[in-house]
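Notes follow once the structure below has been shown.
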Amino acid sequence: MWGTIVNVLAIIGGSILGVLGGKLLNADTRDTVTKGVSLCVILIGLQMAFSTEHLIVVLVSIVLGGVTGELIGIEKFLNRFAASLEKSIKGGLGQAGLAKGFVTATLIYCVGAMAIMGSLQSGLTGEHSILYAKSFIDGVTSVVLSSTLGIGVALSALPLFLYQGSITILAGWIEPYIIEEAITEMKATGGLLILAIGLNMLEIIRIRVGNLLPALIYAVLFTTMITNLNLKF
């Protein structure tokens, strides 16, 4: 849970900084910082991807995961869910600045592949590198958002804690049933997804990362099969 706790603190801290002095940051500074963070995300993704011991597992998992995700329409589902959540929350809280900040920040921080992969990593391996990177991104974003939308941005830390914390706890429960080799290949596969997120942040290319999420499941299944059958690649 430590990764999620750091994420919560980053959002709250960034929001406070944004309310107090966020307007002092001009557009060029915000853009440069955001792109710098994007490069760090790419570096983390590469570092994770290079941990693979079975490249064929990562390759097949990404291909089949992408096909599965497109058939299911995960990215579209996430977008529809975000729109529905925004509508319901705004309907309940009204259009006040506090509500707008809360809704906008909650959607940005919770609806995405990085929140899912980071929470899974924390629960399965005890590592928090993805959530640490996400914390930095969310902290910087909080400064920018709260400078215009107010302290309501900080309130998004609560649903984020519940959402990511639940995934982390669930991952911790199933961890004893997953072999170490499978976790390694899932980490490597997830690294490519993190790399894709970094590229999206730089707006170099648009990759539907949400539709690649099933690749994490395939990585676990294929690695378990290879290990149990003692196959060599």
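Ordered as shown in the structure tokens, chains take letters A, B, and onward, while each chain numbers its residues from 1 and ligands are numbered from 1 in the order shown.
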Residues near Ala188 (chain A), anyone? I mean within 8 Å using only C-alpha atoms, not counting same-chain ones fewer than 4 positions away, as a list in words.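 The residues that qualify are Met48, Ala49, Phe50, Ser51, Thr52, Val58, Thr184 and Leu192 of chain A.
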Sorted by chain and rising residue number, list the residues of region 166-228 of chain A at most 12 Å from region 135-144 of chain A (counting only C-alpha atoms), each with its closest atom pair and distance in Å to one decimal, as CSV.
residue,atom,partner,partner_atom,distance
A:Ile197,CA,A:Ile137,CA,11.7
A:Gly198,CA,A:Ile137,CA,10.8
A:Met201,CA,A:Ile137,CA,10.4
Give me every alpha helix (DSSP H) residue in region 21-190 of chain A, going by DSSP on the backbone, as a VMD selection string. chain A and resid 21 27 to 49 55 to 72 74 to 93 97 to 110 113 to 125 129 to 149 157 to 174 180 to 190
Residues near Ile194 (chain A), anyone? I mean within 12 Å using only C-alpha atoms, not counting same-chain ones fewer than 3 positions away, as an NGL selection string. :A and (38-49 or 112-118 or 129-131 or 133-134 or 187-191 or 197-201 or 207-210 or 212-213)
Identify, on the basis of only C-alpha atoms, every residue whose closest approach to Phe77 (chain A) does not exceed 10 Å; exclude the query and any residue fewer than 5 positions from it along the same chain; express the result as a compact mmCIF listing (two decimals) with N, CA and C atoms, in the first residue's frame.
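Heads up, here's the output in out-v2.txt:
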# COMPACT_ATOMS: atom_id res chain seq x y z
N ILE A 72 -12.77 -6.74 -27.05
CA ILE A 72 -13.58 -6.40 -25.88
C ILE A 72 -13.93 -4.92 -25.88
N ALA A 82 -15.72 6.78 -17.67
CA ALA A 82 -15.29 8.11 -17.23
C ALA A 82 -16.38 9.15 -17.47
N ALA A 83 -16.99 9.07 -18.66
CA ALA A 83 -18.06 10.02 -18.98
C ALA A 83 -19.26 9.84 -18.06
N GLY A 210 -5.05 0.96 -22.90
CA GLY A 210 -6.08 0.19 -22.19
C GLY A 210 -6.39 -1.12 -22.88
N ASN A 211 -6.34 -1.12 -24.22
CA ASN A 211 -6.64 -2.34 -24.96
C ASN A 211 -5.49 -3.35 -24.92
